[in-house]
Amino acid sequence: MIELVLPDGAKMSVESGIKGVEVASKISEGLAKCAVAVKVNDTLMDVTTPITTGGTFSIITSKNPEGLEILRHTAAHVLAEAVEALYPSAKATIGPVIENGFYYDFAGIIIKEEELPKIEAKMAEIVAADYPIERKMMARDEAEKFFAERGEPYKVEIIRDMPGDVKEVSVYTQGDYVELCRGPHLPRTGMLGKAFKLTKVSAAYWRGDATKESLQRVYGTAFFNEKELKAYFTMLEEAERRDHRKLGKEMDLYHFEEYAPGDVFWHPRGWTLFQTLIDYMRKRQKAVGYVEINTPQLMNRVLWETSGHWDWYQENMFTTTVEEKAFALKPMNCPGGVLVFKHGLTSYRDLPQYIGEFGRVHRYEASGAIHGLLRVRAFTQDDAHIFCTPEQLHDELQKVVKLMVSIYEDFGMTDMTIKLSTRPAERIGSDEIWDFLEKGLAEAITDLGYTYEINEGDGAFYGPKLDFKFRDAIGREWQLGTLQADLNLPERFDVNYIGEDGQKHRPIMLHRALFGSLERFTGVFIENTAGRFPFWLAPVQVMVAPVTNDQDEYAKKVLKRLQRAGIRVEADLRNEKISYKIREHSLKKIPVIAVVGKNEAAEETLTLRRLGEEKQIVMKLEDAVKQFKLDARYPSVEYDD
RNA sequence: GCCGCUGUAGCGUAGUGGUAGCGCACAUCCUUGGUAAGGAUGGGGUCGUGGGUCCGAUUCCCACCAGCGGCACCA
């Protein structure tokens, strides 16, 4: 006999070897019916696997997040069975659960999007057949032989590559289909139900390695009921409406041309937004001691060889040769910053130094990587390099993180994840330096009460980094802010400061960008706000709209008054009905429409309609000016008045 | 870069082996209307680019360019 402790603390004594589903039916038959899996001592197991050890015990149903993962994992197996049935040349590889669904990768076939309904129909047949899904253990060499005979070379490779101490593996059978898998799974294919859908096809590399063969990936998703499935697709459709590429066109912010793939043509309204972001950042940075520099776009290749970028990234650099001298467009601002710092001698008394640059950099991104404003070939970083002593490192890192978070809060962007990227396999600098810097970054974050995830081996070649990631409309993660610690560039460029002892010492260099790329930040921000910018950021803050042309003179007067107050204002004097103008400027997401008619002209007032609000407010012109001036102020910036 | 898909006016789209429509936008005129589309008329297209097949190609084939979805990459 073994003892199981239920979630409510109740203890249950059962014979060893009992199945999870049998335990469930002891509690209630209903529970047994909807049990997806069980959890014994934090290990998930199939409901049909004999339980031989006592301990904590819980039943996983559709209510648990683990339940949904198991459902989707089983859906992936059903997908694999359907594909192998429909495409005899298909070889199954792997099919994991991912956020919002699952996928399965196949070798030996090409599947087009229009073939997905056919596969879904086959999956439905497998569900209708309601095969029991059975787990059994196989000796490792037996399993290898078994899958080799079934013509599943990828399964064989997976078994071969398992660690040496693995002696047996689990396989799952549903009908004639057999899959190598750790499990657990739904007890029967019928439990998958109807709430699944294949969503897209794409290519993927075997084992994520671009030098290996290309596989056919099929993505899908599954839920416990059709209502949730439908809600998921509704949510996706709404998210697509927030796509910055769509809103960028609708709001007339920017466009691209074939002549310059991945390089933005900013329109007046988009550029105003862009410049406002820079203006805001400049004020925030100035307030905490940053200075600003500007360095050349094009610098001699020798500089990039010194910095190490040539060795690492020459494939991704734009280069040109003039009079037999090779130059490269800067892909980073750091060497420029280093040269400015190095120009002259710096005393320890003058550290730390905060040297900022709104630097435009060019990187030849792979053609398939370009994505709207989120991944471009020319972008502007709100870059800064901080030179400090090792003793100052901890404080300086914390200051950057605090400033970064405060800035995101001003934009209402609080849903971020912080990643610590550690030393890559190929790098420069000694292990002692990496140890010191990785520890410094980790402590800076934890000491401030934030948590981070580790991206093993994902650091830059010259140092570890903290990345601040945000999601776009449909949930893809994009890195915005970055904070990098670097002892290598100072070494390579022989950067020094004069210490108290009169000797030269090596400073630590921090690289940091808070927006990261202004272009990317703009894109993510558009998607986060669905284009409804706060007043202080809106490219056009107020649109003056006369009811009839009789009020044109008053409208012009209002326009001039607001312009003089520094408000970004336009007047729509076209011969159109007021409802037409309201509609048009609302669609362009202009925060305030100031309607002026006969009454307003007579009384020197404005009737204000704020975006998204039905109610109208009548204000004296001068009161409105005061209000707009307050609304236009940047958050977290001190104003003297 | 890899695999698949797409490319028709500024934007959104229909369509075809016999050189193209529609809506919005734009222009002119009528209308001067108080909170999400008033009406009429009109201009605008080498159907992504270059080759090929064909009597004839925007349509079929090939290459290239660009975009989209993933993968790989991302200092």
# chains A, B, ... in the order shown; residues from 1 in each chain; ligands from 1
>>> interface_residues(of="chain B", to="chain A", cutoff="9 Å", atoms="only C-alpha atoms (C1' of nucleotides)", output="JSON, numbers by chain")
{"B": [1, 2, 3, 4, 5, 11, 32, 33, 34, 35, 36, 37, 38, 65, 66, 69, 70, 71, 72, 73, 74, 75]}
>>> residues_around(residues="B:G17", least_positions_apart="2", cutoff="12 Å", atoms="only C-alpha atoms (C1' of nucleotides)", output="PyMOL selection string")
chain B and resi 19+53-60
>>> atom_distance(atom1="atom CA of A:Cys181", atom2="atom CA of A:Glu99")
19.3 Å
>>> select_by_dssp(residues="stretch 454-580 of chain A", states="helix (DSSP H, G or I)", output="count of residues only")
36
>>> atom_distance(atom1="atom CA of A:Phe515", atom2="atom CA of A:Leu236")
26.2 Å
>>> atom_distance(atom1="atom CA of A:Trp434", atom2="atom CA of A:Leu483")
14.8 Å
>>> residues_around(residues="B:G51", least_positions_apart="5", cutoff="12 Å", atoms="only C-alpha atoms (C1' of nucleotides)", output="list of chain:residue names")
B:C61, B:C62, B:A63, B:C64
>>> closest_residue(among="A:Tyr452, A:Tyr290, A:Phe387, A:Phe106", to="A:Leu403", atoms="only C-alpha atoms")
A:Tyr290
>>> decode(residues="chain B", atoms="C-alpha atoms (C1' of nucleotides)", output="compact mmCIF listing (two decimals), in the first residue's frame")
# COMPACT_ATOMS: atom_id res chain seq x y z
C1' G B 1 20.03 33.48 -46.42
C1' C B 2 16.28 28.97 -46.39
C1' C B 3 11.01 26.97 -47.42
C1' G B 4 6.14 28.39 -48.91
C1' C B 5 2.87 32.25 -50.47
C1' U B 6 1.86 37.18 -52.61
C1' G B 7 2.76 41.63 -56.00
C1' U B 8 -3.32 45.20 -60.48
C1' A B 9 -3.82 53.70 -59.56
C1' G B 10 -1.69 56.98 -53.25
C1' C B 11 -4.60 53.04 -50.17
C1' G B 12 -7.99 48.70 -50.20
C1' U B 13 -9.40 45.29 -53.88
C1' A B 14 -12.24 42.52 -58.66
C1' G B 15 -10.88 40.22 -63.06
C1' U B 16 -9.09 38.09 -67.77
C1' G B 17 -4.60 34.27 -73.26
C1' G B 18 -7.49 39.34 -77.28
C1' U B 19 -3.59 45.62 -73.74
C1' A B 20 -8.36 46.40 -67.17
C1' G B 21 -12.89 47.46 -63.57
C1' C B 22 -14.84 48.91 -58.28
C1' G B 23 -14.51 51.62 -53.41
C1' C B 24 -11.76 55.27 -50.72
C1' A B 25 -8.46 59.22 -51.62
C1' C B 26 -7.52 63.30 -55.42
C1' A B 27 -9.50 67.52 -58.92
C1' U B 28 -13.69 70.66 -60.58
C1' C B 29 -18.64 72.13 -59.78
C1' C B 30 -23.19 72.08 -56.80
C1' U B 31 -24.18 72.04 -51.68
C1' U B 32 -22.78 75.76 -46.12
C1' G B 33 -24.47 71.16 -43.61
C1' G B 34 -23.46 71.21 -35.50
C1' U B 35 -20.23 65.69 -34.02
C1' A B 36 -18.01 58.94 -37.68
C1' A B 37 -19.01 59.07 -45.18
C1' G B 38 -24.20 65.08 -49.02
C1' G B 39 -24.32 65.00 -54.59
C1' A B 40 -22.53 65.32 -59.77
C1' U B 41 -18.57 65.20 -63.12
C1' G B 42 -13.51 64.15 -64.06
C1' G B 43 -8.19 62.79 -64.07
C1' G B 44 -5.05 58.93 -62.77
C1' G B 45 -2.69 52.07 -64.44
C1' U B 46 3.87 50.70 -69.17
C1' C B 47 -1.27 45.00 -64.11
C1' G B 48 6.64 44.60 -59.49
C1' U B 49 11.15 44.21 -63.23
C1' G B 50 13.52 41.47 -67.17
C1' G B 51 13.43 37.36 -70.37
C1' G B 52 10.68 33.19 -72.77
C1' U B 53 6.25 30.48 -75.04
C1' C B 54 2.34 32.22 -78.31
C1' C B 55 -0.48 35.47 -84.03
C1' G B 56 -1.23 37.95 -79.29
C1' A B 57 0.89 37.78 -72.18
C1' U B 58 -1.33 41.70 -66.84
C1' U B 59 -2.93 36.35 -67.28
C1' C B 60 1.21 30.56 -68.86
C1' C B 61 6.81 29.41 -67.93
C1' C B 62 11.80 31.07 -66.06
C1' A B 63 14.93 34.51 -63.52
C1' C B 64 15.34 38.70 -60.52
C1' C B 65 13.32 42.47 -57.02
C1' A B 66 10.10 43.54 -53.03
C1' G B 67 6.50 42.15 -49.35
C1' C B 68 3.99 38.34 -46.04
C1' G B 69 4.32 33.73 -42.58
C1' G B 70 7.78 30.89 -40.17
C1' C B 71 13.05 29.09 -39.70
C1' A B 72 18.12 30.67 -39.24
C1' C B 73 20.48 35.32 -37.85
C1' C B 74 20.12 39.73 -34.58
C1' A B 75 26.92 43.60 -32.18
